[in-house]
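*Asks:* Take this structure first; my questions come after.
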Amino acid sequence: MQSIYQRIEQLIKERGMTKKAFCEQLGISTGNFGDWKRGKTTPGTNKLIEIASFFNASLDWIMLGRDVQSEVLKESRDLYFFGASGQLNCQGDSLSEAEKDFILEYIEFTRFRKEKKQGNSTAK
């Protein structure tokens, strides 16, 4: 099973970039990147979102190695704020489908992190 670092490294290779260029473009120190490789740390939430956006990849795939298309289509999703009743009147323009998908993906990511954190706190 690939680690988060290995999946990021794969995206870097597919883009034809050097690791140094990747770090420079996303404002990541080479020390932090090396820590990810050694498993000492992992990228934070904001950085994972930035990396996913940079490579046009899903957070599910970067974090878990799951193919979003095969997983998401099978899931039963809760109705979020733009569900059955439509988008709240919190902004003038409607959200695009891509923006809605991004929000749903972020909510799922947040749930994953919360569950993981709760699991770690009960294990201590």
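If you're wondering about the labels, chains in the structure tokens are A, B, ... by order shown, residues count from 1 in each chain, ligands from 1 in order shown.
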Tell me, as an MDAnalysis selection string, which residues lie within 12 Å of stretch 21-33 of chain A, counting only C-alpha atoms; anything in the same chain fewer than 4 positions away does not count.
*Replies:* chainID A and resid 4:6 8:17 37:44 46:55
*Asks:* Give me the residues within 9 Å of A:Thr110 as an MDAnalysis selection string, counting only C-alpha atoms and dropping any in the same chain fewer than 5 places off.
*Replies:* chainID A and resid 45 105 115
*Asks:* If you measure from atom CA of A:Phe112 to atom CA of A:Ser94, what distance in Å do you get, rounded to one decimal?
*Replies:*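 Straight-line distance from atom CA of A:Phe112 to atom CA of A:Ser94 works out to 27.4 Å.
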